[in-house]
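Below is coords-v4.txt, which holds compact mmCIF, C-alpha atoms and all ligand atoms.
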```txt
# COMPACT_ATOMS: atom_id res chain seq x y z
CA MET A 25 7.82 -77.41 16.28
CA LYS A 26 9.44 -74.81 14.01
CA SER A 27 8.13 -71.31 14.71
CA ALA A 28 5.61 -70.01 12.16
CA PHE A 29 6.41 -66.41 13.10
CA PRO A 30 10.17 -66.54 13.79
CA ASN A 31 10.71 -62.79 13.41
CA ILE A 32 7.94 -61.78 15.78
CA SER A 33 8.27 -61.94 19.54
CA SER A 34 5.55 -61.40 22.13
CA ILE A 35 3.69 -58.15 21.51
CA ALA A 36 4.49 -55.76 24.34
CA TYR A 37 2.84 -52.61 25.60
CA GLU A 38 5.12 -49.67 24.75
CA GLY A 39 2.76 -46.74 25.35
CA PRO A 40 1.25 -44.03 23.12
CA GLN A 41 4.65 -42.58 22.11
CA SER A 42 5.87 -45.83 20.55
CA LYS A 43 6.33 -45.98 16.79
CA ASN A 44 6.71 -49.76 16.79
CA PRO A 45 3.91 -51.26 14.66
CA LEU A 46 4.32 -54.55 16.52
CA ALA A 47 3.62 -53.05 19.96
CA PHE A 48 0.51 -51.99 21.83
CA LYS A 49 0.15 -48.23 22.28
CA HIS A 50 -2.96 -48.38 24.48
CA TYR A 51 -3.60 -51.98 25.52
CA ASN A 52 -1.65 -52.44 28.72
CA PRO A 53 -3.19 -55.65 30.07
CA GLU A 54 -2.16 -54.84 33.64
CA GLU A 55 -3.58 -51.30 33.72
CA ILE A 56 -6.50 -50.88 36.11
CA VAL A 57 -9.73 -49.19 35.02
CA GLU A 58 -12.80 -49.13 37.27
CA GLY A 59 -11.21 -51.67 39.60
CA LYS A 60 -10.30 -54.31 37.00
CA THR A 61 -7.33 -54.84 34.68
CA LEU A 62 -7.75 -54.22 30.96
CA ARG A 63 -7.20 -57.94 30.43
CA GLU A 64 -10.14 -58.73 32.73
CA HIS A 65 -12.39 -56.08 31.18
CA LEU A 66 -11.81 -56.84 27.53
CA ARG A 67 -11.32 -60.61 27.49
CA PHE A 68 -10.04 -60.58 23.89
CA ALA A 69 -10.60 -63.63 21.73
CA VAL A 70 -9.13 -64.61 18.35
CA VAL A 71 -11.42 -66.44 15.92
CA TYR A 72 -10.16 -69.60 14.31
CA TRP A 73 -12.29 -69.31 11.16
CA HIS A 74 -11.10 -66.01 9.67
CA THR A 75 -7.63 -65.96 11.17
CA PHE A 76 -6.54 -69.55 10.48
CA ARG A 77 -8.95 -70.73 7.79
CA GLY A 78 -9.63 -67.55 5.83
CA THR A 79 -8.20 -67.86 2.34
CA GLY A 80 -9.02 -64.40 1.03
CA SER A 81 -11.23 -65.80 -1.73
CA ASP A 82 -14.18 -63.71 -2.87
CA PRO A 83 -16.94 -64.25 -5.46
CA PHE A 84 -14.58 -62.95 -8.14
CA GLY A 85 -11.35 -64.69 -7.33
CA ALA A 86 -9.40 -67.38 -5.54
CA GLY A 87 -7.62 -67.14 -2.21
CA THR A 88 -4.61 -64.87 -1.78
CA MET A 89 -3.42 -65.58 1.77
CA GLN A 90 0.18 -66.68 2.28
CA ARG A 91 0.12 -69.24 5.08
CA PRO A 92 3.43 -71.12 4.69
CA TRP A 93 2.73 -73.47 7.62
CA ASP A 94 -0.40 -74.84 5.94
CA ASP A 95 0.13 -77.62 3.35
CA GLY A 96 -3.31 -76.87 1.88
CA SER A 97 -4.50 -80.45 2.44
CA ASN A 98 -7.60 -81.52 4.33
CA SER A 99 -5.65 -83.94 6.51
CA VAL A 100 -5.96 -84.27 10.27
CA LYS A 101 -2.19 -83.89 10.47
CA ASN A 102 -2.32 -80.50 8.76
CA ALA A 103 -5.17 -79.46 11.08
CA GLN A 104 -3.13 -80.45 14.14
CA LYS A 105 -0.12 -78.52 12.90
CA ARG A 106 -2.33 -75.51 12.17
CA ALA A 107 -3.63 -75.69 15.75
CA GLN A 108 -0.08 -75.36 17.05
CA VAL A 109 0.52 -72.36 14.80
CA ALA A 110 -2.74 -70.81 16.00
CA PHE A 111 -1.61 -71.04 19.60
CA GLU A 112 1.81 -69.59 18.77
CA PHE A 113 -0.03 -66.62 17.25
CA ILE A 114 -2.55 -66.18 20.08
CA GLN A 115 0.13 -66.46 22.72
CA LYS A 116 2.45 -63.95 21.03
CA LEU A 117 -0.47 -61.57 20.66
CA GLY A 118 -1.38 -61.99 24.33
CA ALA A 119 -5.09 -62.65 23.76
CA PRO A 120 -6.48 -64.74 26.62
CA TYR A 121 -9.18 -66.51 24.55
CA TYR A 122 -10.07 -68.03 21.18
CA CYS A 123 -13.27 -69.31 19.50
CA TRP A 124 -13.99 -71.95 16.84
CA HIS A 125 -16.55 -73.74 14.72
CA ASP A 126 -16.19 -77.54 14.72
CA ARG A 127 -15.32 -77.57 11.02
CA ASP A 128 -12.68 -74.82 11.31
CA VAL A 129 -10.48 -76.84 13.59
CA ALA A 130 -10.88 -80.32 12.05
CA PRO A 131 -11.71 -81.59 8.56
CA GLU A 132 -15.17 -82.93 7.84
CA GLY A 133 -15.10 -86.67 7.07
CA LYS A 134 -17.21 -88.75 4.72
CA THR A 135 -19.56 -89.65 7.57
CA LEU A 136 -20.51 -87.94 10.82
CA ALA A 137 -18.63 -90.68 12.70
CA GLU A 138 -15.46 -89.91 10.73
CA SER A 139 -15.93 -86.15 11.29
CA ASN A 140 -16.29 -86.74 15.02
CA LYS A 141 -13.12 -88.85 15.02
CA ASN A 142 -11.19 -86.09 13.21
CA PHE A 143 -12.61 -83.52 15.63
CA ASP A 144 -11.44 -85.55 18.64
CA ALA A 145 -7.96 -85.94 17.17
CA VAL A 146 -7.57 -82.16 16.75
CA ALA A 147 -9.31 -81.36 20.05
CA LYS A 148 -6.59 -83.40 21.75
CA VAL A 149 -3.99 -80.99 20.35
CA LEU A 150 -6.16 -77.97 21.23
CA LYS A 151 -6.32 -79.21 24.80
CA GLU A 152 -2.55 -79.66 24.99
CA GLU A 153 -1.99 -76.23 23.49
CA GLN A 154 -4.47 -74.60 25.88
CA LYS A 155 -2.58 -76.19 28.75
CA ARG A 156 0.81 -75.17 27.37
CA THR A 157 -0.12 -71.53 26.73
CA GLY A 158 -2.92 -70.80 29.23
CA VAL A 159 -5.12 -69.57 26.33
CA LYS A 160 -8.76 -70.49 27.00
CA LEU A 161 -11.82 -71.20 24.88
CA LEU A 162 -14.34 -68.32 25.03
CA TRP A 163 -16.93 -70.28 23.05
CA GLY A 164 -17.38 -73.05 20.56
CA THR A 165 -20.00 -73.44 17.85
CA ALA A 166 -21.05 -75.81 15.08
CA ASN A 167 -20.84 -74.90 11.41
CA LEU A 168 -24.36 -75.67 10.21
CA PHE A 169 -24.18 -73.71 6.97
CA SER A 170 -21.17 -74.61 4.74
CA ASN A 171 -21.99 -78.19 3.75
CA PRO A 172 -24.50 -78.48 0.86
CA ARG A 173 -26.76 -80.61 3.10
CA PHE A 174 -27.69 -77.35 4.85
CA VAL A 175 -28.90 -75.70 1.65
CA HIS A 176 -32.41 -75.21 3.10
CA GLY A 177 -31.18 -74.47 6.61
CA ALA A 178 -30.17 -76.71 9.51
CA SER A 179 -32.78 -76.96 12.28
CA THR A 180 -35.17 -75.01 10.02
CA SER A 181 -34.66 -77.27 7.01
CA CYS A 182 -37.73 -78.74 5.32
CA ASN A 183 -35.96 -82.11 5.68
CA ALA A 184 -36.15 -83.74 9.14
CA ASP A 185 -32.96 -85.73 8.45
CA VAL A 186 -31.06 -82.46 8.10
CA PHE A 187 -32.43 -81.38 11.47
CA ALA A 188 -31.17 -84.67 12.91
CA PHE A 189 -27.72 -84.18 11.38
CA ALA A 190 -27.51 -80.62 12.72
CA ALA A 191 -28.65 -81.71 16.18
CA ALA A 192 -26.02 -84.45 16.27
CA GLN A 193 -23.37 -81.95 15.20
CA VAL A 194 -24.43 -79.53 17.96
CA LYS A 195 -24.30 -82.36 20.50
CA LYS A 196 -20.71 -83.17 19.54
CA ALA A 197 -19.61 -79.51 19.40
CA MET A 198 -21.08 -78.98 22.90
CA GLU A 199 -19.21 -82.02 24.19
CA VAL A 200 -15.89 -80.80 22.80
CA THR A 201 -16.53 -77.27 24.10
CA HIS A 202 -17.17 -78.78 27.54
CA GLU A 203 -14.07 -80.99 27.31
CA LEU A 204 -11.94 -77.93 26.49
CA GLY A 205 -13.36 -75.93 29.40
CA GLY A 206 -15.20 -73.51 27.09
CA GLU A 207 -16.89 -70.60 28.86
CA GLY A 208 -19.74 -70.42 26.37
CA TYR A 209 -21.42 -71.90 23.31
CA THR A 210 -22.86 -69.83 20.47
CA PHE A 211 -25.74 -70.41 18.07
CA TRP A 212 -25.49 -68.29 14.96
CA GLY A 213 -28.34 -69.15 12.61
CA GLY A 214 -26.18 -69.70 9.50
CA ARG A 215 -29.00 -70.54 7.08
CA GLU A 216 -31.87 -70.48 9.56
CA GLY A 217 -34.15 -68.26 7.52
CA TYR A 218 -35.66 -68.20 4.04
CA MET A 219 -34.97 -67.10 0.49
CA THR A 220 -38.67 -66.94 -0.46
CA LEU A 221 -41.84 -67.21 1.60
CA LEU A 222 -43.51 -68.99 -1.35
CA ASN A 223 -41.92 -72.28 -0.24
CA THR A 224 -41.65 -71.61 3.50
CA ASP A 225 -43.75 -72.58 6.52
CA MET A 226 -42.29 -69.91 8.76
CA LYS A 227 -44.12 -70.92 11.93
CA ARG A 228 -43.07 -74.54 11.62
CA GLU A 229 -39.45 -73.60 10.89
CA GLN A 230 -39.25 -71.34 13.93
CA GLU A 231 -40.75 -74.06 16.11
CA HIS A 232 -38.03 -76.40 14.87
CA LEU A 233 -35.32 -73.86 15.70
CA ALA A 234 -36.76 -73.58 19.22
CA LYS A 235 -36.87 -77.37 19.42
CA LEU A 236 -33.14 -77.64 18.70
CA LEU A 237 -32.35 -75.01 21.32
CA HIS A 238 -34.50 -76.81 23.92
CA LEU A 239 -32.72 -80.08 23.12
CA ALA A 240 -29.37 -78.31 23.61
CA VAL A 241 -30.52 -76.82 26.94
CA GLY A 242 -31.50 -80.30 28.12
CA TYR A 243 -28.23 -81.85 26.98
CA LYS A 244 -26.23 -79.08 28.60
CA LYS A 245 -27.71 -80.03 31.95
CA GLN A 246 -27.15 -83.72 31.27
CA ILE A 247 -23.40 -83.35 30.63
CA GLY A 248 -22.91 -80.70 33.32
CA PHE A 249 -21.75 -77.98 30.92
CA LYS A 250 -21.91 -74.71 32.85
CA GLY A 251 -20.94 -72.34 30.02
CA GLN A 252 -23.25 -69.59 28.78
CA PHE A 253 -25.41 -70.15 25.69
CA TYR A 254 -25.52 -67.25 23.20
CA ILE A 255 -27.64 -66.41 20.19
CA GLU A 256 -25.91 -64.20 17.62
CA PRO A 257 -28.36 -61.95 15.74
CA LYS A 258 -27.91 -61.26 12.02
CA PRO A 259 -30.62 -60.09 9.61
CA LYS A 260 -29.47 -61.51 6.28
CA GLU A 261 -26.52 -63.16 4.52
CA PRO A 262 -26.49 -65.94 3.52
CA THR A 263 -30.31 -66.04 3.47
CA LYS A 264 -32.51 -63.14 2.43
CA HIS A 265 -34.06 -63.12 5.90
CA GLN A 266 -32.59 -64.77 8.99
CA TYR A 267 -34.98 -65.54 11.84
CA ASP A 268 -32.50 -64.17 14.42
CA SER A 269 -32.62 -60.86 12.58
CA ASP A 270 -31.70 -58.45 15.39
CA ALA A 271 -31.49 -58.29 19.19
CA ALA A 272 -35.19 -57.44 19.59
CA ALA A 273 -36.30 -60.28 17.31
CA CYS A 274 -34.05 -62.73 19.17
CA LEU A 275 -35.38 -61.63 22.55
CA ASN A 276 -38.95 -62.01 21.35
CA PHE A 277 -38.21 -65.47 19.93
CA LEU A 278 -36.49 -66.58 23.14
CA ARG A 279 -39.42 -65.32 25.26
CA GLU A 280 -42.04 -66.89 23.02
CA TYR A 281 -40.42 -70.30 23.30
CA ASP A 282 -39.49 -70.12 27.03
CA LEU A 283 -35.78 -70.02 26.27
CA LEU A 284 -34.84 -66.59 27.62
CA PRO A 285 -33.48 -67.83 30.99
CA HIS A 286 -31.00 -70.04 29.14
CA PHE A 287 -29.58 -67.59 26.61
CA LYS A 288 -27.80 -64.29 26.29
CA LEU A 289 -26.95 -62.45 23.09
CA ASN A 290 -23.65 -62.25 21.27
CA ILE A 291 -23.85 -58.89 19.47
CA GLU A 292 -21.79 -58.36 16.30
CA THR A 293 -21.17 -54.87 14.96
CA ASN A 294 -21.46 -55.62 11.24
CA HIS A 295 -24.67 -57.60 11.87
CA ALA A 296 -26.12 -54.60 13.71
CA THR A 297 -25.42 -52.33 10.75
CA LEU A 298 -26.87 -54.87 8.28
CA ALA A 299 -30.02 -54.77 10.44
CA GLY A 300 -30.15 -50.98 10.05
CA HIS A 301 -29.05 -50.38 13.64
CA THR A 302 -25.96 -49.11 15.38
CA MET A 303 -23.91 -51.41 17.60
CA GLN A 304 -24.94 -49.21 20.52
CA HIS A 305 -28.63 -49.77 19.73
CA GLU A 306 -28.19 -53.54 19.73
CA LEU A 307 -26.14 -53.48 22.94
CA GLU A 308 -28.73 -51.31 24.69
CA THR A 309 -31.57 -53.58 23.51
CA ALA A 310 -29.77 -56.67 24.84
CA GLY A 311 -28.56 -54.94 28.00
CA ALA A 312 -31.98 -53.59 28.96
CA ALA A 313 -33.31 -57.17 28.83
CA GLY A 314 -30.45 -58.46 31.01
CA ALA A 315 -29.20 -60.45 28.02
CA LEU A 316 -25.97 -58.73 26.99
CA GLY A 317 -23.54 -61.63 26.92
CA SER A 318 -20.64 -61.14 24.53
CA ILE A 319 -19.62 -59.23 21.42
CA ASP A 320 -18.22 -60.15 18.03
CA ALA A 321 -16.01 -57.14 17.40
CA ASN A 322 -15.65 -55.99 13.82
CA THR A 323 -17.00 -53.29 11.55
CA GLY A 324 -18.58 -52.95 8.15
CA ASP A 325 -17.77 -50.44 5.44
CA GLU A 326 -20.15 -47.49 5.27
CA LEU A 327 -20.23 -47.67 1.49
CA LEU A 328 -20.66 -51.42 1.13
CA GLY A 329 -23.89 -53.15 2.11
CA TRP A 330 -22.53 -56.54 3.11
CA ASP A 331 -20.80 -58.30 5.97
CA THR A 332 -17.22 -57.20 5.32
CA ASP A 333 -16.03 -58.21 8.82
CA GLN A 334 -13.26 -55.63 9.03
CA PHE A 335 -11.13 -55.08 12.10
CA PRO A 336 -12.54 -52.32 14.31
CA THR A 337 -10.37 -49.19 14.47
CA ASN A 338 -12.99 -46.49 14.95
CA ILE A 339 -12.64 -44.94 18.41
CA TYR A 340 -16.24 -43.67 18.50
CA LEU A 341 -17.45 -47.22 17.85
CA THR A 342 -15.29 -48.74 20.60
CA THR A 343 -16.16 -45.92 23.02
CA TYR A 344 -19.92 -46.33 22.56
CA THR A 345 -19.55 -50.10 22.73
CA MET A 346 -17.62 -49.96 26.00
CA LEU A 347 -20.00 -47.35 27.46
CA SER A 348 -22.84 -49.86 27.05
CA VAL A 349 -20.75 -52.81 28.23
CA LEU A 350 -19.69 -50.95 31.40
CA LYS A 351 -23.23 -49.71 31.98
CA TYR A 352 -24.52 -53.29 32.10
CA GLY A 353 -21.80 -54.46 34.48
CA GLY A 354 -19.06 -55.60 32.09
CA PHE A 355 -18.41 -59.03 30.62
CA THR A 356 -18.78 -62.06 32.85
CA THR A 357 -18.71 -65.11 30.58
CA GLY A 358 -18.35 -63.13 27.34
CA GLY A 359 -15.62 -60.99 25.83
CA VAL A 360 -14.43 -59.01 22.83
CA ASN A 361 -14.19 -61.66 20.11
CA PHE A 362 -12.55 -60.45 16.89
CA ASP A 363 -14.90 -61.94 14.31
CA ALA A 364 -12.92 -60.03 11.72
CA LYS A 365 -10.73 -60.81 8.76
CA VAL A 366 -7.76 -59.12 7.15
CA ARG A 367 -8.48 -57.75 3.68
CA ARG A 368 -7.81 -59.96 0.69
CA GLU A 369 -4.99 -57.60 -0.22
CA SER A 370 -3.38 -58.00 3.24
CA PHE A 371 -2.09 -61.47 2.55
CA GLU A 372 1.13 -61.73 4.58
CA PRO A 373 1.13 -63.48 7.98
CA ILE A 374 2.36 -60.28 9.66
CA ASP A 375 -0.91 -58.56 8.67
CA LEU A 376 -2.70 -60.84 11.15
CA PHE A 377 -0.64 -59.21 13.90
CA TYR A 378 -1.20 -55.65 12.69
CA ALA A 379 -4.94 -56.27 12.45
CA HIS A 380 -5.34 -57.68 15.95
CA ILE A 381 -2.99 -55.16 17.57
CA GLY A 382 -5.03 -52.34 16.03
CA GLY A 383 -8.33 -53.84 17.20
CA MET A 384 -7.04 -54.40 20.72
CA ASP A 385 -5.63 -50.89 20.96
CA ALA A 386 -8.89 -49.42 19.63
CA PHE A 387 -10.85 -51.29 22.32
CA ALA A 388 -8.39 -50.34 25.05
CA ARG A 389 -8.84 -46.69 24.08
CA GLY A 390 -12.61 -47.08 23.91
CA LEU A 391 -12.63 -48.61 27.38
CA LYS A 392 -10.47 -45.86 28.89
CA ILE A 393 -12.50 -43.11 27.23
CA ALA A 394 -15.77 -44.70 28.35
CA ALA A 395 -14.46 -44.97 31.91
CA ALA A 396 -13.38 -41.29 31.82
CA ILE A 397 -16.84 -40.24 30.59
CA ARG A 398 -18.41 -42.22 33.43
CA LYS A 399 -16.02 -40.75 36.02
CA ASP A 400 -16.74 -37.23 34.77
CA GLY A 401 -20.42 -37.94 35.33
CA ARG A 402 -21.88 -35.10 33.24
CA LEU A 403 -23.40 -37.41 30.62
CA ALA A 404 -25.11 -39.64 33.19
CA GLU A 405 -26.26 -36.59 35.17
CA PHE A 406 -27.76 -35.06 32.03
CA VAL A 407 -29.76 -38.20 31.32
CA LYS A 408 -30.86 -38.42 34.97
CA GLN A 409 -32.05 -34.80 34.97
CA ARG A 410 -33.85 -35.32 31.67
CA TYR A 411 -36.17 -37.76 33.41
CA ALA A 412 -36.41 -35.86 36.72
CA SER A 413 -40.19 -35.37 36.32
CA TRP A 414 -40.55 -39.13 36.91
CA ASP A 415 -38.78 -39.04 40.28
CA SER A 416 -41.57 -37.36 42.24
CA GLY A 417 -45.16 -36.15 41.92
CA ILE A 418 -47.34 -37.57 39.16
CA GLY A 419 -44.37 -39.24 37.40
CA ALA A 420 -43.42 -41.32 40.44
CA LYS A 421 -47.09 -42.19 40.99
CA ILE A 422 -47.47 -43.45 37.39
CA GLU A 423 -44.19 -45.39 37.52
CA SER A 424 -45.15 -47.15 40.73
CA GLY A 425 -48.55 -48.09 39.28
CA LYS A 426 -50.46 -46.10 41.93
CA ALA A 427 -52.16 -43.65 39.57
CA SER A 428 -55.40 -44.63 37.79
CA LEU A 429 -56.30 -43.30 34.36
CA LYS A 430 -59.02 -41.22 36.03
CA GLU A 431 -56.57 -39.65 38.47
CA ILE A 432 -54.12 -38.91 35.69
CA GLU A 433 -56.89 -37.21 33.73
CA ALA A 434 -57.89 -35.13 36.75
CA TYR A 435 -54.27 -34.12 37.27
CA ILE A 436 -53.73 -32.89 33.72
CA LEU A 437 -57.14 -31.20 33.46
CA LYS A 438 -56.18 -29.13 36.48
CA LYS A 439 -52.68 -28.46 35.21
CA GLY A 440 -53.67 -27.33 31.70
CA GLU A 441 -51.38 -27.23 28.64
CA VAL A 442 -47.90 -28.78 28.78
CA THR A 443 -45.16 -26.88 27.00
CA PRO A 444 -41.84 -28.54 26.07
CA ASN A 445 -39.38 -27.16 28.59
CA THR A 446 -36.27 -29.28 28.18
CA SER A 447 -34.00 -29.33 25.15
CA GLY A 448 -32.57 -32.66 23.97
CA ARG A 449 -29.17 -30.94 23.66
CA GLN A 450 -27.82 -33.46 21.14
CA GLU A 451 -25.10 -31.10 19.86
CA PHE A 452 -24.06 -30.19 23.41
CA LEU A 453 -23.73 -33.91 24.23
CA GLU A 454 -21.84 -34.71 21.04
CA ASN A 455 -19.39 -31.94 21.94
CA LEU A 456 -19.11 -33.37 25.43
CA ILE A 457 -18.13 -36.81 24.01
CA ASN A 458 -15.53 -35.11 21.82
CA GLU A 459 -13.91 -33.61 24.91
CA PHE A 460 -12.80 -37.14 25.75
CA ILE A 461 -11.76 -38.39 22.31
C1 LIG B 1 -21.25 -64.92 10.49
C2 LIG B 1 -20.74 -64.92 11.86
C3 LIG B 1 -20.29 -66.25 12.38
C4 LIG B 1 -20.58 -66.47 13.83
C5 LIG B 1 -20.26 -67.85 14.32
O1 LIG B 1 -21.59 -63.68 10.01
O2 LIG B 1 -20.65 -63.89 12.50
O3 LIG B 1 -18.94 -66.39 12.11
O4 LIG B 1 -19.90 -65.56 14.63
O5 LIG B 1 -20.92 -68.83 13.61
CO CO B 2 -19.93 -63.51 14.43
```
Could you spell out this file's structure in structure tokens?
Amino acid sequence: MKSAFPNISSIAYEGPQSKNPLAFKHYNPEEIVEGKTLREHLRFAVVYWHTFRGTGSDPFGAGTMQRPWDDGSNSVKNAQKRAQVAFEFIQKLGAPYYCWHDRDVAPEGKTLAESNKNFDAVAKVLKEEQKRTGVKLLWGTANLFSNPRFVHGASTSCNADVFAFAAAQVKKAMEVTHELGGEGYTFWGGREGYMTLLNTDMKREQEHLAKLLHLAVGYKKQIGFKGQFYIEPKPKEPTKHQYDSDAAACLNFLREYDLLPHFKLNIETNHATLAGHTMQHELETAGAAGALGSIDANTGDELLGWDTDQFPTNIYLTTYTMLSVLKYGGFTTGGVNFDAKVRRESFEPIDLFYAHIGGMDAFARGLKIAAAIRKDGRLAEFVKQRYASWDSGIGAKIESGKASLKEIEAYILKKGEVTPNTSGRQEFLENLINEFI
């Protein structure tokens, strides 16, 4: 096949002094941090949807992207060719993984049977390309939101036939993920929510969502798929309220419906900010529950209130993200998946390289800074000391469940007033972080 990026060779690590915009300044995949290579820590993935299907259209105008390899048709042949281009890109970038929705990789047919046939025909090429390049599938997912049939949701639709269609689509997407050796499968609740409660039986809809997930858990066992299931929280967009609104809501939902042992969370930065949280908050919420699985790396714009899916370049963001990831033991099945798109104005193919190189370098820096903060130890020691009163005496007794309410009362009556004796030292800690950035 003719190269789609003939003037670009494999992106190399050239170090922080390099002025080459097509080189990594910080992402040296072989460098060891905390006993693992950067490649093993970060497990970068390229998304098929934004990177190879994004047109640059917005509510005010048509697409702008120049993608000379794409003939613009909805044919299987074009999809297969696009797959080869995708792998040329991913391989040149040096990302070890990629992710897709079923409908990104292959065109939807007139019937589900035809769609499945198209999907198989493209999956064959994906499999060949994975073998040729060594690039692996981090996770697959089904697009249960673009087609008008999903107008009222997929598993949460008021129409049982729509549920059936969605379930069949999930079944097929799981099979193809399994066939391609995928390491995970994600459920993002595209339109699983409501626009108005006036027409919505919320309890019934949530039960139906749980039903679909239970069916998927059962089928996973049946086909022997060992990959990790993820739920990806997002509070709104496209619906006014999505049921998987944030990490805490997802965890509660999973617990309520006995699904928690089967799922981890895939935390996305711009979704966290739409929920009124920081990425760090969402990661800590997931991590504390033992459910931090993977991340969709991107960022929003502080002045815009929607899901702009920009490439992450903010070193504080990547540092705090990697501090949480390292704290909870690092990625096992998950990774850093760039669910991000180049701006509508960045329409040349080369912009795809600049965007990913910048994101990978930002995460490499974040990882190294986080590791340095951990090695230094002052931050962790501060937090440990802050809770020292719980390590002995009455604190330890309460924590271990050995103190009754009566005993606690007796203790404090004897002790008398308690005066605040430890400062939170926020400014001191912020300065400490800046020592490393
Ligand atoms: C939408 C979003 C999705 C999921 C996969 O905001 O993040 O692309 O990551 O369905
Ligand atoms: Co996402």
Practice prompt. Show which residues sit within 9 Å of A:Leu403, as number ranges by chain. Count all atoms listed in the file, and ignore same-chain residues fewer than 4 positions away.
Written response: A: 397-398, 407-408, 453, 456-457
Please provide the set of residues having any atom within 12 Å of A:Ala273, restricted to only C-alpha atoms, with same-chain residues fewer than 2 positions apart removed, written as a compact mmCIF listing (two decimals) with C-alpha atoms, keeping the file's coordinate frame.
```txt
# COMPACT_ATOMS: atom_id res chain seq x y z
CA GLN A 230 -39.25 -71.34 13.93
CA ILE A 255 -27.64 -66.41 20.19
CA GLU A 256 -25.91 -64.20 17.62
CA PRO A 257 -28.36 -61.95 15.74
CA LYS A 258 -27.91 -61.26 12.02
CA PRO A 259 -30.62 -60.09 9.61
CA HIS A 265 -34.06 -63.12 5.90
CA GLN A 266 -32.59 -64.77 8.99
CA TYR A 267 -34.98 -65.54 11.84
CA ASP A 268 -32.50 -64.17 14.42
CA SER A 269 -32.62 -60.86 12.58
CA ASP A 270 -31.70 -58.45 15.39
CA ALA A 271 -31.49 -58.29 19.19
CA LEU A 275 -35.38 -61.63 22.55
CA ASN A 276 -38.95 -62.01 21.35
CA PHE A 277 -38.21 -65.47 19.93
CA LEU A 278 -36.49 -66.58 23.14
CA ARG A 279 -39.42 -65.32 25.26
CA GLU A 280 -42.04 -66.89 23.02
CA LEU A 289 -26.95 -62.45 23.09
CA ALA A 299 -30.02 -54.77 10.44
CA GLU A 306 -28.19 -53.54 19.73
CA THR A 309 -31.57 -53.58 23.51
CA ALA A 310 -29.77 -56.67 24.84
```
Worksheet item: Within 10 Å of ligand LIG 1 (chain B), counting only C-alpha atoms and all ligand atoms: which residues, as number ranges by chain?
Response: A: 71-74, 123-126, 163-169, 209-214, 255-262, 290-295, 319-322, 330-333, 361-364
Worksheet item: What gap, in Å, lies between atom CA of A:Met303 and atom CA of A:Thr345?
Response: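 Pair atom CA of A:Met303 / atom CA of A:Thr345 returns 6.9 Å.
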Worksheet item: Hey, can you check how far atom CA of A:Asp400 sits from atom CA of A:Thr61?
Response: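 Calculated distance between atom CA of A:Asp400 and atom CA of A:Thr61 is 20.0 Å.
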Worksheet item: Interatomic distance between atom CA of A:Phe377 and atom CA of A:Ser33?
Response: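 Interatomic distance here is 10.9 Å.
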Worksheet item: From the set A:Lys430, A:Arg173, A:Arg77, A:Lys365, which residue has the shortest atom-to-atom contact distance to ligand CO 2 (chain B), counting all atoms listed in the file?
Response: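 The answer is A:Lys365, which sits nearest to ligand CO 2 (chain B).
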Response to the item:
Counting all atoms listed in the file, the residue among A:Ala272, A:Ala296, A:Ala427, A:Leu327 that lies closest to ligand CO 2 (chain B) is A:Ala296
Worksheet item: Between A:Phe460, A:Tyr254, A:Phe406, A:Phe143, which one has atoms that come closest to ligand CO 2 (chain B), using all atoms listed in the file?
Response: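 So, comparing all the options, the nearest one is A:Tyr254.
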Discussion item. What's around stretch 223-225 of chain A at 10 Å? Count all atoms listed in the file, leave out sequence neighbours fewer than 4 positions away in its own chain, and write the answer as an MDAnalysis selection string.
Written reply: chainID A and resid 176 180:182 217:219 229:230
Would you write out those residues with C-alpha atoms, as a PDB file, in the coordinates of the input?
```
ATOM      1  CA  HIS A 176     -32.410 -75.210   3.100  1.00  0.00           C
ATOM      2  CA  THR A 180     -35.170 -75.010  10.020  1.00  0.00           C
ATOM      3  CA  SER A 181     -34.660 -77.270   7.010  1.00  0.00           C
ATOM      4  CA  CYS A 182     -37.730 -78.740   5.320  1.00  0.00           C
ATOM      5  CA  GLY A 217     -34.150 -68.260   7.520  1.00  0.00           C
ATOM      6  CA  TYR A 218     -35.660 -68.200   4.040  1.00  0.00           C
ATOM      7  CA  MET A 219     -34.970 -67.100   0.490  1.00  0.00           C
ATOM      8  CA  GLU A 229     -39.450 -73.600  10.890  1.00  0.00           C
ATOM      9  CA  GLN A 230     -39.250 -71.340  13.930  1.00  0.00           C
TER      10      GLN A 230
END
```
Worksheet item: Do you know which residues are at most 10 Å from A:Arg367 counting all atoms listed in the file, after dropping those on the same chain fewer than 5 positions away, and could you put them as a PyMOL selection string?
Response: chain A and resi 80+88-89+332-335+375-376+379
Worksheet item: Which of these residues is nearest to A:Gly133, using only C-alpha atoms: A:Thr220, A:Leu162, A:Ser99, A:Gly417?
Response: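 Smallest distance to A:Gly133 is found for A:Ser99.
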Residues of stretch 202-267 of chain A within 10 Å of stretch 189-197 of chain A: nearest atom pair and distance (Å, one decimal) for each, counting only C-alpha atoms, sorted by chain and number, as a Markdown table?
```
| residue | atom | partner | partner_atom | distance |
| --- | --- | --- | --- | --- |
| A:His202 | CA | A:Ala197 | CA | 8.5 |
| A:Glu203 | CA | A:Ala197 | CA | 9.8 |
| A:Tyr209 | CA | A:Ala197 | CA | 8.7 |
| A:Phe211 | CA | A:Val194 | CA | 9.2 |
| A:Lys235 | CA | A:Ala191 | CA | 9.8 |
| A:Leu236 | CA | A:Ala191 | CA | 6.6 |
| A:Leu237 | CA | A:Ala191 | CA | 9.2 |
| A:Leu239 | CA | A:Ala191 | CA | 8.2 |
| A:Ala240 | CA | A:Lys195 | CA | 7.2 |
| A:Tyr243 | CA | A:Lys195 | CA | 7.6 |
| A:Lys244 | CA | A:Lys195 | CA | 8.9 |
```
